[in-house]
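Note sheet for the following structure.
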Amino acid sequence: MTNTTGRMDALKTLYKQVILEHSRHPRNYGDLTGATHTEGGHNPSCGDQLQLQLKLEGDHLQAVQFTAKGCAISTASASLMTQAVKGRTPAEALDLAERFRQMLRTGEAHADLGDLAALQGVSALATRTKCASLPWQTLEVMLKGEGRATTED
Ligand code: ZN
């Protein structure tokens, strides 16, 4: 085993732990009182259901919370997303959504994705990319006001 392979394995293990940890103990979970936006999302291919709520104050996402019934990937992705977009402007959140989508498409993570890079490995699993992108699609629908989020087939 070369050093590079060792590092890659260590990274994969770390990413798996991040996903597990966030799916078991999701951050920003629960109903948000005083929410200014509420949107539901559904991923029929896996059965993931998600409700996303946020409080927009001035030009910042002051609070972002979710509740979900779904698989570990969709829950972990939602948890990581709420952490990543909290405190940002809607435009910044949409930028991040685009970079996240790019990572799922290419398998390569932009440096400023931070912990979101934990979901990088999902890009190799076509059916799971929908689980990972559900929270982000829901957020995009919410911020762009385009109606109910459903993952595309
Ligand atoms: Zn799923």
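A note on labels: chains of the structure tokens are A, B, ... as shown, every chain counts residues from 1, and ligands are counted from 1 in their shown order.
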Taking only C-alpha atoms and all ligand atoms into account, which residues are within 9 Å of ligand 1, as a ChimeraX atom specification? /A:43-49,70-75,127-132,134
Running DSSP on the backbone, which parts of stretch 58-140 of chain A land in helix (DSSP H, G or I), as a ChimeraX atom specification? /A:72-85,90-106,111-124,126-140
Selection file, C-alpha atoms, as a PDB file, in the first residue's frame:
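Result went into result-v6.pdb, see below:
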ATOM      1  CA  ALA A  72     -28.891   7.945   6.626  1.00  0.00           C
ATOM      2  CA  ILE A  73     -27.530   9.770   3.560  1.00  0.00           C
ATOM      3  CA  SER A  74     -30.473  12.162   3.206  1.00  0.00           C
ATOM      4  CA  THR A  75     -30.538  12.895   6.942  1.00  0.00           C
ATOM      5  CA  ALA A  76     -26.773  13.444   7.137  1.00  0.00           C
ATOM      6  CA  SER A  77     -26.866  15.642   4.044  1.00  0.00           C
ATOM      7  CA  ALA A  78     -29.670  17.783   5.504  1.00  0.00           C
ATOM      8  CA  SER A  79     -27.829  18.094   8.810  1.00  0.00           C
ATOM      9  CA  LEU A  80     -24.572  19.117   7.110  1.00  0.00           C
ATOM     10  CA  MET A  81     -26.450  21.524   4.865  1.00  0.00           C
ATOM     11  CA  THR A  82     -28.155  23.372   7.724  1.00  0.00           C
ATOM     12  CA  GLN A  83     -24.752  23.915   9.324  1.00  0.00           C
ATOM     13  CA  ALA A  84     -23.213  25.051   6.059  1.00  0.00           C
ATOM     14  CA  VAL A  85     -25.848  27.611   5.052  1.00  0.00           C
ATOM     15  CA  PRO A  90     -29.671  33.337   0.133  1.00  0.00           C
ATOM     16  CA  ALA A  91     -27.316  34.052  -2.800  1.00  0.00           C
ATOM     17  CA  GLU A  92     -24.378  32.472  -0.968  1.00  0.00           C
ATOM     18  CA  ALA A  93     -26.520  29.465  -0.044  1.00  0.00           C
ATOM     19  CA  LEU A  94     -27.507  29.006  -3.695  1.00  0.00           C
ATOM     20  CA  ASP A  95     -23.839  29.235  -4.730  1.00  0.00           C
ATOM     21  CA  LEU A  96     -23.010  26.516  -2.251  1.00  0.00           C
ATOM     22  CA  ALA A  97     -25.895  24.393  -3.572  1.00  0.00           C
ATOM     23  CA  GLU A  98     -24.413  24.693  -7.057  1.00  0.00           C
ATOM     24  CA  ARG A  99     -20.949  23.627  -5.866  1.00  0.00           C
ATOM     25  CA  PHE A 100     -22.468  20.714  -3.945  1.00  0.00           C
ATOM     26  CA  ARG A 101     -24.332  19.628  -7.085  1.00  0.00           C
ATOM     27  CA  GLN A 102     -21.061  19.852  -9.013  1.00  0.00           C
ATOM     28  CA  MET A 103     -19.343  17.623  -6.449  1.00  0.00           C
ATOM     29  CA  LEU A 104     -22.081  14.988  -6.826  1.00  0.00           C
ATOM     30  CA  ARG A 105     -21.670  15.162 -10.599  1.00  0.00           C
ATOM     31  CA  THR A 106     -17.885  15.047 -10.763  1.00  0.00           C
ATOM     32  CA  ALA A 111     -12.140  23.434  -1.151  1.00  0.00           C
ATOM     33  CA  ASP A 112     -14.757  25.704   0.419  1.00  0.00           C
ATOM     34  CA  LEU A 113     -17.292  22.870   0.783  1.00  0.00           C
ATOM     35  CA  GLY A 114     -15.738  21.973   4.140  1.00  0.00           C
ATOM     36  CA  ASP A 115     -17.558  19.138   5.924  1.00  0.00           C
ATOM     37  CA  LEU A 116     -19.914  18.778   2.971  1.00  0.00           C
ATOM     38  CA  ALA A 117     -17.058  16.953   1.238  1.00  0.00           C
ATOM     39  CA  ALA A 118     -17.980  13.984   3.432  1.00  0.00           C
ATOM     40  CA  LEU A 119     -20.680  13.234   0.856  1.00  0.00           C
ATOM     41  CA  GLN A 120     -18.190  13.203  -2.016  1.00  0.00           C
ATOM     42  CA  GLY A 121     -18.192   9.376  -2.221  1.00  0.00           C
ATOM     43  CA  VAL A 122     -21.934   9.381  -2.887  1.00  0.00           C
ATOM     44  CA  SER A 123     -21.209  10.637  -6.405  1.00  0.00           C
ATOM     45  CA  ALA A 124     -20.251   7.084  -7.405  1.00  0.00           C
ATOM     46  CA  ALA A 126     -26.305   7.064  -8.791  1.00  0.00           C
ATOM     47  CA  THR A 127     -29.337   6.262  -6.623  1.00  0.00           C
ATOM     48  CA  ARG A 128     -27.798   7.786  -3.503  1.00  0.00           C
ATOM     49  CA  THR A 129     -26.977  11.104  -5.163  1.00  0.00           C
ATOM     50  CA  LYS A 130     -30.737  11.825  -5.072  1.00  0.00           C
ATOM     51  CA  CYS A 131     -30.745  11.213  -1.317  1.00  0.00           C
ATOM     52  CA  ALA A 132     -27.816  13.599  -0.849  1.00  0.00           C
ATOM     53  CA  SER A 133     -29.235  16.286  -3.138  1.00  0.00           C
ATOM     54  CA  LEU A 134     -32.804  16.257  -1.730  1.00  0.00           C
ATOM     55  CA  PRO A 135     -32.177  18.803   1.056  1.00  0.00           C
ATOM     56  CA  TRP A 136     -30.325  21.093  -1.351  1.00  0.00           C
ATOM     57  CA  GLN A 137     -33.073  20.871  -3.973  1.00  0.00           C
ATOM     58  CA  THR A 138     -35.607  21.679  -1.286  1.00  0.00           C
ATOM     59  CA  LEU A 139     -33.535  24.690  -0.245  1.00  0.00           C
ATOM     60  CA  GLU A 140     -33.237  25.877  -3.851  1.00  0.00           C
TER      61      GLU A 140
END
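Counting from atom CA of A:Lys144, the distance to atom CA of A:Leu125 is 27.8 Å.
Shortest separation to A:Gly145 among A:Leu56, A:Thr38, A:Glu21, A:Lys16 occurs at residue A:Thr38, atoms counted being only C-alpha atoms.
Among the candidate residues A:Lys69, A:Arg7, A:Arg27, A:His42, the one lying nearest to A:Lys86 is A:Arg27, with distances computed using only C-alpha atoms.
Here atom CA of A:Val64 is placed at a distance of 15.9 Å from atom CA of A:His25.
Restricting the calculation to only C-alpha atoms, the smallest distance between A:Ala35 and any of A:Asp59, A:His22, A:Phe66, A:Leu14 is found for A:Phe66.
What separates atom CA of A:Ala63 from atom CA of A:Pro26 is a distance of 14.9 Å.
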